[in-house]
file run13.cif (mmCIF, C-alpha atoms)
data_target
#
loop_
_atom_site.label_atom_id
_atom_site.label_comp_id
_atom_site.auth_asym_id
_atom_site.auth_seq_id
_atom_site.Cartn_x
_atom_site.Cartn_y
_atom_site.Cartn_z
CA MET Z 1 -26.37 4.44 -33.00
CA LYS Z 2 -25.80 5.89 -29.52
CA ILE Z 3 -22.40 5.24 -27.97
CA GLY Z 4 -21.92 5.01 -24.20
CA ALA Z 5 -18.66 6.98 -24.06
CA ARG Z 6 -18.08 10.58 -23.02
CA ASN Z 7 -15.43 11.26 -25.66
CA GLN Z 8 -16.52 11.24 -29.28
CA LEU Z 9 -14.53 13.30 -31.73
CA VAL Z 10 -14.44 13.37 -35.49
CA GLY Z 11 -11.02 12.71 -36.99
CA THR Z 12 -9.37 12.38 -40.37
CA VAL Z 13 -6.90 9.54 -40.98
CA THR Z 14 -3.44 10.81 -41.97
CA GLU Z 15 -1.33 7.66 -41.78
CA VAL Z 16 -1.70 3.91 -41.36
CA LYS Z 17 1.15 1.66 -40.20
CA LYS Z 18 0.61 -2.08 -40.20
CA GLY Z 19 2.63 -4.62 -38.20
CA SER Z 20 2.00 -8.35 -38.10
CA VAL Z 21 -0.52 -8.26 -35.22
CA MET Z 22 -1.08 -4.60 -34.38
CA ALA Z 23 -1.62 -1.48 -36.48
CA GLN Z 24 -1.38 2.22 -35.72
CA VAL Z 25 -3.63 4.88 -37.23
CA LYS Z 26 -2.72 8.55 -37.00
CA LEU Z 27 -5.42 11.18 -37.13
CA THR Z 28 -6.02 14.89 -37.03
CA ILE Z 29 -9.00 16.32 -35.20
CA PRO Z 30 -10.42 19.84 -35.66
CA ALA Z 31 -8.01 22.69 -34.79
CA GLY Z 32 -5.13 20.54 -36.04
CA SER Z 33 -4.52 18.42 -32.95
CA LYS Z 34 -3.00 15.02 -33.62
CA MET Z 35 -4.26 11.76 -32.21
CA ALA Z 36 -3.43 8.08 -32.68
CA SER Z 37 -5.19 4.76 -32.23
CA VAL Z 38 -3.71 1.29 -31.95
CA MET Z 39 -5.85 -1.69 -32.94
CA THR Z 40 -5.38 -5.20 -34.32
CA VAL Z 41 -4.55 -5.59 -38.00
CA ASP Z 42 -7.82 -7.54 -38.22
CA SER Z 43 -9.77 -4.50 -37.01
CA LEU Z 44 -7.87 -2.21 -39.35
CA GLU Z 45 -8.72 -4.40 -42.32
CA GLU Z 46 -12.35 -4.67 -41.32
CA LEU Z 47 -12.56 -0.86 -41.11
CA GLY Z 48 -10.60 -0.59 -44.36
CA LEU Z 49 -8.95 2.64 -43.19
CA LYS Z 50 -6.75 4.75 -45.46
CA PRO Z 51 -5.47 8.34 -45.34
CA GLY Z 52 -8.26 10.86 -45.88
CA ASP Z 53 -10.99 8.71 -44.32
CA GLU Z 54 -13.22 10.35 -41.76
CA VAL Z 55 -13.64 8.36 -38.54
CA GLU Z 56 -15.32 8.66 -35.19
CA VAL Z 57 -12.78 8.66 -32.37
CA VAL Z 58 -14.23 7.12 -29.20
CA VAL Z 59 -12.62 7.02 -25.75
CA LYS Z 60 -14.25 6.03 -22.47
CA ALA Z 61 -13.79 8.73 -19.80
CA VAL Z 62 -12.08 6.25 -17.46
CA SER Z 63 -9.21 5.93 -19.97
CA VAL Z 64 -8.49 9.66 -19.93
CA LEU Z 65 -5.67 10.78 -17.63
CA LEU Z 66 -5.39 14.43 -16.63
CA MET Z 67 -2.18 16.17 -15.63
CA LYS Z 68 -1.68 19.68 -14.32
CA ARG Z 69 1.39 21.87 -14.32
CA MET T 1 8.70 15.57 -18.59
CA LYS T 2 8.17 13.32 -21.63
CA ILE T 3 5.01 11.21 -21.64
CA GLY T 4 4.84 7.83 -23.39
CA ALA T 5 1.38 8.29 -24.87
CA ARG T 6 0.39 9.21 -28.43
CA ASN T 7 -2.51 11.42 -27.41
CA GLN T 8 -1.70 14.63 -25.56
CA LEU T 9 -4.13 17.49 -25.88
CA VAL T 10 -4.52 20.70 -23.94
CA GLY T 11 -7.92 21.16 -22.32
CA THR T 12 -9.76 23.62 -20.12
CA VAL T 13 -11.86 22.33 -17.22
CA THR T 14 -15.52 23.36 -17.51
CA GLU T 15 -17.17 21.30 -14.78
CA VAL T 16 -16.27 19.05 -11.86
CA LYS T 17 -18.69 16.51 -10.36
CA LYS T 18 -17.66 14.65 -7.24
CA GLY T 19 -19.15 11.39 -5.98
CA SER T 20 -18.01 9.45 -2.93
CA VAL T 21 -15.32 7.40 -4.73
CA MET T 22 -15.20 8.66 -8.31
CA ALA T 23 -15.24 12.13 -9.88
CA GLN T 24 -15.93 13.37 -13.39
CA VAL T 25 -14.17 16.31 -15.01
CA LYS T 26 -15.56 17.90 -18.18
CA LEU T 27 -13.26 19.74 -20.54
CA THR T 28 -13.16 21.64 -23.77
CA ILE T 29 -10.28 21.24 -26.17
CA PRO T 30 -9.39 23.63 -29.01
CA ALA T 31 -12.08 24.05 -31.68
CA GLY T 32 -14.71 23.61 -28.99
CA SER T 33 -14.82 19.81 -28.79
CA LYS T 34 -15.89 18.42 -25.44
CA MET T 35 -14.12 15.71 -23.53
CA ALA T 36 -14.46 14.11 -20.10
CA SER T 37 -12.24 12.24 -17.67
CA VAL T 38 -13.21 10.01 -14.76
CA MET T 39 -10.78 9.60 -11.88
CA THR T 40 -10.87 8.87 -8.17
CA VAL T 41 -11.91 11.68 -5.82
CA ASP T 42 -8.42 11.31 -4.30
CA SER T 43 -6.83 12.12 -7.66
CA LEU T 44 -9.19 15.02 -8.21
CA GLU T 45 -8.28 16.53 -4.86
CA GLU T 46 -4.58 16.03 -5.45
CA LEU T 47 -4.86 17.83 -8.79
CA GLY T 48 -7.08 20.47 -7.15
CA LEU T 49 -9.06 20.92 -10.37
CA LYS T 50 -11.70 23.61 -10.79
CA PRO T 51 -13.43 25.21 -13.80
CA GLY T 52 -11.06 27.36 -15.84
CA ASP T 53 -7.96 25.29 -15.06
CA GLU T 54 -5.79 24.28 -17.97
CA VAL T 55 -4.86 20.58 -18.02
CA GLU T 56 -2.98 18.13 -20.17
CA VAL T 57 -5.29 15.39 -21.47
CA VAL T 58 -3.40 12.12 -21.95
CA VAL T 59 -4.73 8.94 -23.58
CA LYS T 60 -2.74 5.87 -24.60
CA ALA T 61 -3.34 4.96 -28.25
CA VAL T 62 -4.53 1.46 -27.26
CA SER T 63 -7.51 3.03 -25.45
CA VAL T 64 -8.73 4.83 -28.57
CA LEU T 65 -11.49 3.09 -30.53
CA LEU T 66 -12.18 4.08 -34.12
CA MET T 67 -15.50 3.71 -35.88
CA LYS T 68 -16.38 4.32 -39.50
CA ARG T 69 -19.70 5.04 -41.11
CA MET G 1 -21.30 1.73 -38.73
CA LYS G 2 -18.14 -0.41 -38.52
CA ILE G 3 -16.46 -0.65 -35.12
CA GLY G 4 -12.70 -1.15 -34.74
CA ALA G 5 -12.90 -3.66 -31.88
CA ARG G 6 -12.51 -7.44 -31.97
CA ASN G 7 -15.20 -8.12 -29.38
CA GLN G 8 -18.77 -7.27 -30.31
CA LEU G 9 -21.51 -9.21 -28.61
CA VAL G 10 -25.24 -8.65 -28.39
CA GLY G 11 -26.55 -8.35 -24.85
CA THR G 12 -29.81 -7.72 -23.03
CA VAL G 13 -29.89 -5.33 -20.09
CA THR G 14 -31.05 -6.99 -16.87
CA GLU G 15 -30.29 -4.35 -14.23
CA VAL G 16 -29.23 -0.72 -13.98
CA LYS G 17 -27.66 0.76 -10.83
CA LYS G 18 -27.00 4.47 -10.71
CA GLY G 19 -24.58 6.24 -8.37
CA SER G 20 -23.81 9.96 -8.35
CA VAL G 21 -21.02 9.81 -10.95
CA MET G 22 -20.85 6.20 -12.18
CA ALA G 23 -23.47 3.65 -13.17
CA GLN G 24 -23.38 -0.11 -13.60
CA VAL G 25 -25.33 -2.02 -16.21
CA LYS G 26 -25.76 -5.79 -15.96
CA LEU G 27 -26.38 -7.84 -19.07
CA THR G 28 -26.95 -11.34 -20.31
CA ILE G 29 -25.42 -12.51 -23.56
CA PRO G 30 -26.50 -15.58 -25.55
CA ALA G 31 -26.12 -18.91 -23.70
CA GLY G 32 -26.97 -17.12 -20.45
CA SER G 33 -23.53 -15.74 -19.59
CA LYS G 34 -23.59 -12.58 -17.50
CA MET G 35 -21.61 -9.45 -18.21
CA ALA G 36 -21.44 -5.95 -16.76
CA SER G 37 -20.42 -2.49 -17.92
CA VAL G 38 -19.53 0.56 -15.88
CA MET G 39 -19.99 3.99 -17.43
CA THR G 40 -20.71 7.54 -16.29
CA VAL G 41 -24.26 8.42 -15.28
CA ASP G 42 -24.16 10.92 -18.15
CA SER G 43 -23.53 8.11 -20.65
CA LEU G 44 -26.22 5.97 -19.07
CA GLU G 45 -28.76 8.74 -19.41
CA GLU G 46 -27.76 9.47 -22.98
CA LEU G 47 -28.21 5.79 -23.86
CA GLY G 48 -31.46 5.72 -21.85
CA LEU G 49 -30.87 2.11 -20.83
CA LYS G 50 -33.44 0.06 -18.93
CA PRO G 51 -33.96 -3.66 -18.30
CA GLY G 52 -34.97 -5.50 -21.46
CA ASP G 53 -33.07 -3.22 -23.83
CA GLU G 54 -30.86 -4.85 -26.42
CA VAL G 55 -27.36 -3.40 -26.62
CA GLU G 56 -24.12 -3.97 -28.45
CA VAL G 57 -21.31 -4.92 -26.06
CA VAL G 58 -17.94 -3.71 -27.35
CA VAL G 59 -14.51 -4.50 -25.89
CA LYS G 60 -11.12 -3.81 -27.44
CA ALA G 61 -8.98 -6.95 -27.57
CA VAL G 62 -6.21 -5.27 -25.55
CA SER G 63 -8.59 -5.04 -22.57
CA VAL G 64 -9.22 -8.78 -22.51
CA LEU G 65 -7.14 -10.77 -20.02
CA LEU G 66 -6.79 -14.52 -20.43
CA MET G 67 -6.10 -16.95 -17.61
CA LYS G 68 -5.40 -20.66 -17.76
CA ARG G 69 -5.76 -23.30 -15.11
CA MET O 1 -8.80 -17.81 -6.69
CA LYS O 2 -11.38 -15.00 -6.69
CA ILE O 3 -11.05 -12.40 -9.42
CA GLY O 4 -12.17 -8.78 -8.93
CA ALA O 5 -13.76 -8.38 -12.36
CA ARG O 6 -17.42 -8.44 -13.36
CA ASN O 7 -16.84 -10.27 -16.64
CA GLN O 8 -15.59 -13.83 -16.46
CA LEU O 9 -16.42 -16.11 -19.34
CA VAL O 10 -15.09 -19.51 -20.35
CA GLY O 11 -13.59 -19.61 -23.83
CA THR O 12 -11.89 -22.04 -26.17
CA VAL O 13 -8.84 -20.95 -28.13
CA THR O 14 -9.33 -21.24 -31.90
CA GLU O 15 -6.29 -19.41 -33.29
CA VAL O 16 -3.01 -17.91 -32.12
CA LYS O 17 -1.11 -15.28 -34.11
CA LYS O 18 2.31 -14.20 -32.90
CA GLY O 19 4.11 -10.98 -33.85
CA SER O 20 7.47 -9.86 -32.51
CA VAL O 21 6.08 -8.02 -29.45
CA MET O 22 2.32 -8.65 -29.40
CA ALA O 23 0.17 -11.72 -29.99
CA GLN O 24 -3.51 -12.19 -30.75
CA VAL O 25 -5.61 -15.08 -29.46
CA LYS O 26 -9.01 -15.82 -30.97
CA LEU O 27 -11.64 -17.60 -28.91
CA THR O 28 -15.16 -18.92 -29.03
CA ILE O 29 -17.42 -18.62 -26.02
CA PRO O 30 -20.63 -20.59 -25.43
CA ALA O 31 -23.38 -20.06 -28.05
CA GLY O 32 -20.65 -19.64 -30.69
CA SER O 33 -19.80 -15.98 -30.13
CA LYS O 34 -16.27 -15.02 -31.11
CA MET O 35 -13.89 -13.02 -28.94
CA ALA O 36 -10.22 -12.01 -29.15
CA SER O 37 -7.49 -11.01 -26.74
CA VAL O 38 -4.24 -9.19 -27.43
CA MET O 39 -1.31 -9.71 -25.07
CA THR O 40 2.48 -9.63 -25.19
CA VAL O 41 4.27 -12.58 -26.79
CA ASP O 42 5.86 -13.08 -23.36
CA SER O 43 2.43 -13.58 -21.78
CA LEU O 44 1.36 -15.88 -24.60
CA GLU O 45 4.39 -18.08 -24.08
CA GLU O 46 3.95 -18.15 -20.34
CA LEU O 47 0.34 -19.27 -20.79
CA GLY O 48 1.44 -21.71 -23.50
CA LEU O 49 -1.82 -21.24 -25.40
CA LYS O 50 -2.74 -23.31 -28.45
CA PRO O 51 -5.97 -24.03 -30.32
CA GLY O 52 -8.36 -26.18 -28.27
CA ASP O 53 -7.19 -24.86 -24.89
CA GLU O 54 -9.86 -23.76 -22.45
CA VAL O 55 -9.24 -20.35 -20.89
CA GLU O 56 -10.91 -17.93 -18.54
CA VAL O 57 -11.73 -14.65 -20.29
CA VAL O 58 -11.59 -11.73 -17.85
CA VAL O 59 -12.65 -8.13 -18.53
CA LYS O 60 -13.08 -5.33 -16.00
CA ALA O 61 -16.52 -3.70 -16.31
CA VAL O 62 -14.94 -0.27 -16.91
CA SER O 63 -13.47 -1.58 -20.18
CA VAL O 64 -16.86 -2.57 -21.56
CA LEU O 65 -18.50 -0.06 -23.90
CA LEU O 66 -22.22 -0.28 -24.61
CA MET O 67 -23.91 0.97 -27.75
CA LYS O 68 -27.59 1.16 -28.58
CA ARG O 69 -29.32 1.33 -31.92
CA MET B 1 -3.70 -20.53 -12.38
CA LYS B 2 -1.55 -18.74 -14.95
CA ILE B 3 -2.42 -15.12 -15.69
CA GLY B 4 -1.75 -13.52 -19.08
CA ALA B 5 -0.51 -10.19 -17.73
CA ARG B 6 3.04 -8.89 -17.41
CA ASN B 7 2.47 -7.13 -14.10
CA GLN B 8 1.72 -9.29 -11.09
CA LEU B 9 2.63 -7.93 -7.70
CA VAL B 10 1.70 -9.01 -4.20
CA GLY B 11 -0.02 -6.32 -2.16
CA THR B 12 -1.55 -5.84 1.27
CA VAL B 13 -4.87 -4.02 1.60
CA THR B 14 -4.62 -0.92 3.82
CA GLU B 15 -7.97 0.78 3.23
CA VAL B 16 -11.32 0.13 1.59
CA LYS B 17 -13.71 2.92 0.57
CA LYS B 18 -17.13 1.99 -0.73
CA GLY B 19 -19.41 4.22 -2.82
CA SER B 20 -22.78 3.23 -4.23
CA VAL B 21 -21.44 1.77 -7.49
CA MET B 22 -17.64 1.90 -7.27
CA ALA B 23 -15.15 1.11 -4.53
CA GLN B 24 -11.50 2.00 -4.01
CA VAL B 25 -8.94 -0.29 -2.41
CA LYS B 26 -5.59 1.05 -1.25
CA LEU B 27 -2.60 -1.25 -1.02
CA THR B 28 1.04 -1.36 -0.12
CA ILE B 29 3.46 -3.45 -2.13
CA PRO B 30 6.95 -4.54 -0.99
CA ALA B 31 9.38 -1.67 -0.26
CA GLY B 32 6.44 0.41 0.98
CA SER B 33 5.14 1.72 -2.35
CA LYS B 34 1.46 2.56 -2.40
CA MET B 35 -1.00 1.45 -5.04
CA ALA B 36 -4.76 1.66 -5.52
CA SER B 37 -7.43 -0.24 -7.42
CA VAL B 38 -10.92 0.85 -8.36
CA MET B 39 -13.59 -1.82 -8.94
CA THR B 40 -17.34 -2.19 -8.65
CA VAL B 41 -18.84 -2.60 -5.19
CA ASP B 42 -20.09 -5.98 -6.44
CA SER B 43 -16.51 -7.10 -7.13
CA LEU B 44 -15.34 -5.76 -3.77
CA GLU B 45 -18.01 -7.74 -1.96
CA GLU B 46 -17.28 -10.88 -3.91
CA LEU B 47 -13.59 -10.60 -2.99
CA GLY B 48 -14.57 -9.70 0.59
CA LEU B 49 -11.55 -7.44 0.95
CA LYS B 50 -10.60 -5.79 4.25
CA PRO B 51 -7.42 -4.15 5.59
CA GLY B 52 -4.64 -6.67 6.13
CA ASP B 53 -5.71 -9.01 3.32
CA GLU B 54 -3.05 -10.14 0.91
CA VAL B 55 -4.01 -9.78 -2.75
CA GLU B 56 -2.51 -10.29 -6.17
CA VAL B 57 -2.27 -7.00 -8.09
CA VAL B 58 -2.61 -7.58 -11.83
CA VAL B 59 -2.11 -4.99 -14.59
CA LYS B 60 -1.86 -5.64 -18.33
CA ALA B 61 1.29 -4.07 -19.80
CA VAL B 62 -0.77 -2.01 -22.26
CA SER B 63 -2.31 -0.11 -19.32
CA VAL B 64 1.07 1.01 -18.01
CA LEU B 65 2.19 4.51 -19.01
CA LEU B 66 5.84 5.49 -18.73
CA MET B 67 7.09 9.04 -18.25
CA LYS B 68 10.66 10.32 -18.25
CA ARG B 69 12.09 13.46 -16.76
CA MET L 1 3.62 18.31 -12.88
CA LYS L 2 0.78 16.62 -10.96
CA ILE L 3 -0.59 13.40 -12.42
CA GLY L 4 -4.20 12.31 -11.92
CA ALA L 5 -3.47 8.64 -11.31
CA ARG L 6 -3.36 6.71 -8.04
CA ASN L 7 -0.40 4.54 -9.05
CA GLN L 8 2.93 6.24 -9.54
CA LEU L 9 6.04 4.18 -9.01
CA VAL L 10 9.67 4.78 -9.89
CA GLY L 11 11.19 2.12 -12.11
CA THR L 12 14.45 1.34 -13.84
CA VAL L 13 14.42 0.11 -17.43
CA THR L 14 16.05 -3.32 -17.82
CA GLU L 15 15.14 -4.27 -21.38
CA VAL L 16 13.62 -2.76 -24.51
CA LYS L 17 12.10 -4.87 -27.30
CA LYS L 18 10.97 -3.14 -30.45
CA GLY L 19 8.51 -4.54 -33.02
CA SER L 20 7.26 -2.73 -36.10
CA VAL L 21 4.32 -0.99 -34.39
CA MET L 22 4.54 -1.84 -30.69
CA ALA L 23 7.41 -1.97 -28.19
CA GLN L 24 7.80 -3.56 -24.78
CA VAL L 25 9.80 -2.08 -21.92
CA LYS L 26 10.73 -4.19 -18.91
CA LEU L 27 11.37 -2.53 -15.58
CA THR L 28 12.33 -3.22 -12.00
CA ILE L 29 10.73 -1.29 -9.20
CA PRO L 30 12.05 -1.04 -5.61
CA ALA L 31 12.28 -4.37 -3.75
CA GLY L 32 13.10 -6.07 -7.05
CA SER L 33 9.60 -6.55 -8.42
CA LYS L 34 9.38 -6.69 -12.20
CA MET L 35 6.95 -4.72 -14.32
CA ALA L 36 6.42 -4.18 -18.04
CA SER L 37 4.86 -1.54 -20.26
CA VAL L 38 3.72 -1.82 -23.85
CA MET L 39 3.60 1.34 -25.98
CA THR L 40 3.91 2.31 -29.62
CA VAL L 41 7.38 2.38 -31.18
CA ASP L 42 6.73 6.09 -31.75
CA SER L 43 6.29 6.66 -28.01
CA LEU L 44 9.36 4.59 -27.24
CA GLU L 45 11.48 6.66 -29.59
CA GLU L 46 10.12 9.91 -28.24
CA LEU L 47 11.00 8.82 -24.70
CA GLY L 48 14.35 7.53 -25.95
CA LEU L 49 14.34 4.71 -23.39
CA LYS L 50 17.29 2.40 -22.87
CA PRO L 51 18.35 0.00 -20.09
CA GLY L 52 19.38 1.87 -16.95
CA ASP L 53 17.01 4.80 -17.47
CA GLU L 54 14.85 5.83 -14.56
CA VAL L 55 11.16 6.28 -15.41
CA GLU L 56 7.92 7.11 -13.72
CA VAL L 57 5.44 4.21 -13.97
CA VAL L 58 1.86 5.47 -14.06
CA VAL L 59 -1.31 3.35 -13.91
CA LYS L 60 -4.86 4.57 -13.41
CA ALA L 61 -6.57 2.76 -10.53
CA VAL L 62 -9.37 1.54 -12.81
CA SER L 63 -6.83 -0.53 -14.76
CA VAL L 64 -5.70 -2.43 -11.67
CA LEU L 65 -7.31 -5.85 -11.15
CA LEU L 66 -7.17 -7.48 -7.74
CA MET L 67 -7.32 -11.22 -7.13
CA LYS L 68 -7.51 -13.10 -3.85
CA ARG L 69 -6.59 -16.65 -3.05
#
call {"tool": "encode", "arguments": {"input": "run13.cif", "output": "structure tokens"}}
result
Amino acid sequence: MKIGARNQLVGTVTEVKKGSVMAQVKLTIPAGSKMASVMTVDSLEELGLKPGDEVEVVVKAVSVLLMKR
Amino acid sequence: MKIGARNQLVGTVTEVKKGSVMAQVKLTIPAGSKMASVMTVDSLEELGLKPGDEVEVVVKAVSVLLMKR
Amino acid sequence: MKIGARNQLVGTVTEVKKGSVMAQVKLTIPAGSKMASVMTVDSLEELGLKPGDEVEVVVKAVSVLLMKR
Amino acid sequence: MKIGARNQLVGTVTEVKKGSVMAQVKLTIPAGSKMASVMTVDSLEELGLKPGDEVEVVVKAVSVLLMKR
Amino acid sequence: MKIGARNQLVGTVTEVKKGSVMAQVKLTIPAGSKMASVMTVDSLEELGLKPGDEVEVVVKAVSVLLMKR
Amino acid sequence: MKIGARNQLVGTVTEVKKGSVMAQVKLTIPAGSKMASVMTVDSLEELGLKPGDEVEVVVKAVSVLLMKR
């Protein structure tokens, strides 16, 4: 499967927090950086994510904001 | 300055491509992963980005899509 | 591959327009509705899209705006 | 009213789920495809959505991700 | 027409810049603040925007990032 | 700190609503217009936002939808 997004990282799930509509998944990517994704609880359950799972982290380049000191 | 986004990575600019309206910036983050950001040419020029620059890479958690094999 | 997004449609590419940085892909989905995606030229070339190709159209639910008359 | 977005579909609300801050609306579009939108509870209440309502489903082309097998 | 987005401002177009795929529209909103929108050239032409036009500026709350000094 | 986004407004927090995963912050910007941002509860707590706080409101131009009557 080819994905039309410039940002594709491999991450490992460290924590899952479920609300009534939305859920938050925390991840680590190589070199120890931390990331997070918010999705619907429906999506979370369909993915069946739990700590330790390996996931592909996908972000379209237009959603990436750069800042410079 | 505190930023209200769950994803904040440090990246190094490797390449800048400028169109007439939009521009693309390629980056590496620690551990060698590659990322990219698309912004307006106006934003690019305001940031004055060039290869070698260190930038903060910011993504709201709602823009992060997870996939699982 | 399971995708953590609530909107997954199957589409057929009808037109590809390439700029210097960004590209636009037009699609039809079942029942004849038209859709469009904008991505970087890099992503377009990696996907190798051309008219007639079948693609998966993915949109996170947070990016969907509803309006009511 | 003209809308500056490439994706405008007509949908019918099938289900509304309300959390404390966010709400999820499920829809069907022609040909039976299913879609979903996440918005604030405030927006949901302002729209007054309930199952059976017809809505306009709007997505900017930059938010549409394509994938190819 | 009711719009399911928390941010709806009235703006006046001050400048339009057209690339081959994407276009940028600059705006002023009341009190003189400046804003900008990026859309496809197709959307720009459908809206027929030119300096002096009054437009509705719509942003979903999930796309708004807050920062604090 | 330079921010690579075309929309940067100054706002004042008027209300904070916290769910289990997501939080909503309401703001006023100059001339009395109202805006809102949705973020994770984690981001809210890191920013430590409360009514009366002054914040920078940042939106990438690609997330701004224009409509015309």
call {"tool": "atom_distance", "arguments": {"input": "run13.cif", "atom1": "CA of Lys26 (chain T)", "atom2": "CA of Val38 (chain Z)"}}
result
24.6 Å
call {"tool": "resolve_selection", "arguments": {"input": "run13.cif", "expression": "the PyMOL selection byres ((chain T and resi 51) around 10)", "output": "PyMOL selection string"}}
result
chain T and resi 12-16+25-27+49-50+52-54
call {"tool": "resolve_selection", "arguments": {"input": "run13.cif", "expression": "the PyMOL selection byres ((chain T) within 6 of (chain G))", "output": "PyMOL selection string"}}
result
chain T and resi 19+66-69
call {"tool": "closest_residue", "arguments": {"input": "run13.cif", "among": "L:Ala23, L:Leu9, L:Leu65, L:Val55", "to": "Ser37 (chain B)", "atoms": "all atoms listed in the file"}}
result
L:Leu65
call {"tool": "calpha_fit_and_write", "arguments": {"input": "run13.cif", "fixed": "chain L", "moving": "chain O", "output": "PDB file with C-alpha atoms, in the coordinates of the input"}}
result
ATOM      1  CA  MET O   1       3.604  18.313 -12.886  1.00  0.00           C
ATOM      2  CA  LYS O   2       0.774  16.628 -10.961  1.00  0.00           C
ATOM      3  CA  ILE O   3      -0.589  13.415 -12.424  1.00  0.00           C
ATOM      4  CA  GLY O   4      -4.218  12.329 -11.923  1.00  0.00           C
ATOM      5  CA  ALA O   5      -3.461   8.654 -11.312  1.00  0.00           C
ATOM      6  CA  ARG O   6      -3.363   6.705  -8.058  1.00  0.00           C
ATOM      7  CA  ASN O   7      -0.404   4.538  -9.055  1.00  0.00           C
ATOM      8  CA  GLN O   8       2.932   6.243  -9.530  1.00  0.00           C
ATOM      9  CA  LEU O   9       6.032   4.171  -9.003  1.00  0.00           C
ATOM     10  CA  VAL O  10       9.669   4.779  -9.871  1.00  0.00           C
ATOM     11  CA  GLY O  11      11.185   2.130 -12.119  1.00  0.00           C
ATOM     12  CA  THR O  12      14.450   1.332 -13.843  1.00  0.00           C
ATOM     13  CA  VAL O  13      14.441   0.107 -17.425  1.00  0.00           C
ATOM     14  CA  THR O  14      16.062  -3.323 -17.812  1.00  0.00           C
ATOM     15  CA  GLU O  15      15.157  -4.285 -21.387  1.00  0.00           C
ATOM     16  CA  VAL O  16      13.631  -2.771 -24.511  1.00  0.00           C
ATOM     17  CA  LYS O  17      12.106  -4.870 -27.296  1.00  0.00           C
ATOM     18  CA  LYS O  18      10.966  -3.140 -30.464  1.00  0.00           C
ATOM     19  CA  GLY O  19       8.502  -4.531 -33.014  1.00  0.00           C
ATOM     20  CA  SER O  20       7.271  -2.715 -36.101  1.00  0.00           C
ATOM     21  CA  VAL O  21       4.313  -0.986 -34.388  1.00  0.00           C
ATOM     22  CA  MET O  22       4.539  -1.834 -30.677  1.00  0.00           C
ATOM     23  CA  ALA O  23       7.404  -1.977 -28.193  1.00  0.00           C
ATOM     24  CA  GLN O  24       7.790  -3.581 -24.784  1.00  0.00           C
ATOM     25  CA  VAL O  25       9.796  -2.083 -21.929  1.00  0.00           C
ATOM     26  CA  LYS O  26      10.735  -4.188 -18.916  1.00  0.00           C
ATOM     27  CA  LEU O  27      11.382  -2.521 -15.580  1.00  0.00           C
ATOM     28  CA  THR O  28      12.331  -3.223 -12.009  1.00  0.00           C
ATOM     29  CA  ILE O  29      10.737  -1.284  -9.188  1.00  0.00           C
ATOM     30  CA  PRO O  30      12.052  -1.043  -5.618  1.00  0.00           C
ATOM     31  CA  ALA O  31      12.286  -4.374  -3.732  1.00  0.00           C
ATOM     32  CA  GLY O  32      13.119  -6.082  -7.047  1.00  0.00           C
ATOM     33  CA  SER O  33       9.604  -6.542  -8.412  1.00  0.00           C
ATOM     34  CA  LYS O  34       9.396  -6.705 -12.190  1.00  0.00           C
ATOM     35  CA  MET O  35       6.957  -4.723 -14.310  1.00  0.00           C
ATOM     36  CA  ALA O  36       6.430  -4.170 -18.045  1.00  0.00           C
ATOM     37  CA  SER O  37       4.857  -1.540 -20.252  1.00  0.00           C
ATOM     38  CA  VAL O  38       3.721  -1.809 -23.856  1.00  0.00           C
ATOM     39  CA  MET O  39       3.591   1.338 -25.978  1.00  0.00           C
ATOM     40  CA  THR O  40       3.901   2.314 -29.629  1.00  0.00           C
ATOM     41  CA  VAL O  41       7.382   2.379 -31.162  1.00  0.00           C
ATOM     42  CA  ASP O  42       6.716   6.087 -31.754  1.00  0.00           C
ATOM     43  CA  SER O  43       6.286   6.665 -28.014  1.00  0.00           C
ATOM     44  CA  LEU O  44       9.361   4.583 -27.241  1.00  0.00           C
ATOM     45  CA  GLU O  45      11.474   6.665 -29.584  1.00  0.00           C
ATOM     46  CA  GLU O  46      10.115   9.914 -28.250  1.00  0.00           C
ATOM     47  CA  LEU O  47      10.993   8.824 -24.711  1.00  0.00           C
ATOM     48  CA  GLY O  48      14.351   7.522 -25.951  1.00  0.00           C
ATOM     49  CA  LEU O  49      14.328   4.708 -23.394  1.00  0.00           C
ATOM     50  CA  LYS O  50      17.289   2.387 -22.863  1.00  0.00           C
ATOM     51  CA  PRO O  51      18.357   0.002 -20.103  1.00  0.00           C
ATOM     52  CA  GLY O  52      19.372   1.852 -16.928  1.00  0.00           C
ATOM     53  CA  ASP O  53      17.005   4.790 -17.476  1.00  0.00           C
ATOM     54  CA  GLU O  54      14.845   5.833 -14.553  1.00  0.00           C
ATOM     55  CA  VAL O  55      11.170   6.286 -15.411  1.00  0.00           C
ATOM     56  CA  GLU O  56       7.913   7.104 -13.712  1.00  0.00           C
ATOM     57  CA  VAL O  57       5.455   4.209 -13.973  1.00  0.00           C
ATOM     58  CA  VAL O  58       1.864   5.473 -14.069  1.00  0.00           C
ATOM     59  CA  VAL O  59      -1.308   3.362 -13.904  1.00  0.00           C
ATOM     60  CA  LYS O  60      -4.872   4.579 -13.413  1.00  0.00           C
ATOM     61  CA  ALA O  61      -6.573   2.754 -10.521  1.00  0.00           C
ATOM     62  CA  VAL O  62      -9.380   1.544 -12.818  1.00  0.00           C
ATOM     63  CA  SER O  63      -6.826  -0.526 -14.758  1.00  0.00           C
ATOM     64  CA  VAL O  64      -5.704  -2.429 -11.677  1.00  0.00           C
ATOM     65  CA  LEU O  65      -7.305  -5.839 -11.154  1.00  0.00           C
ATOM     66  CA  LEU O  66      -7.173  -7.493  -7.742  1.00  0.00           C
ATOM     67  CA  MET O  67      -7.317 -11.218  -7.127  1.00  0.00           C
ATOM     68  CA  LYS O  68      -7.515 -13.103  -3.860  1.00  0.00           C
ATOM     69  CA  ARG O  69      -6.591 -16.662  -3.050  1.00  0.00           C
TER      70      ARG O  69
END
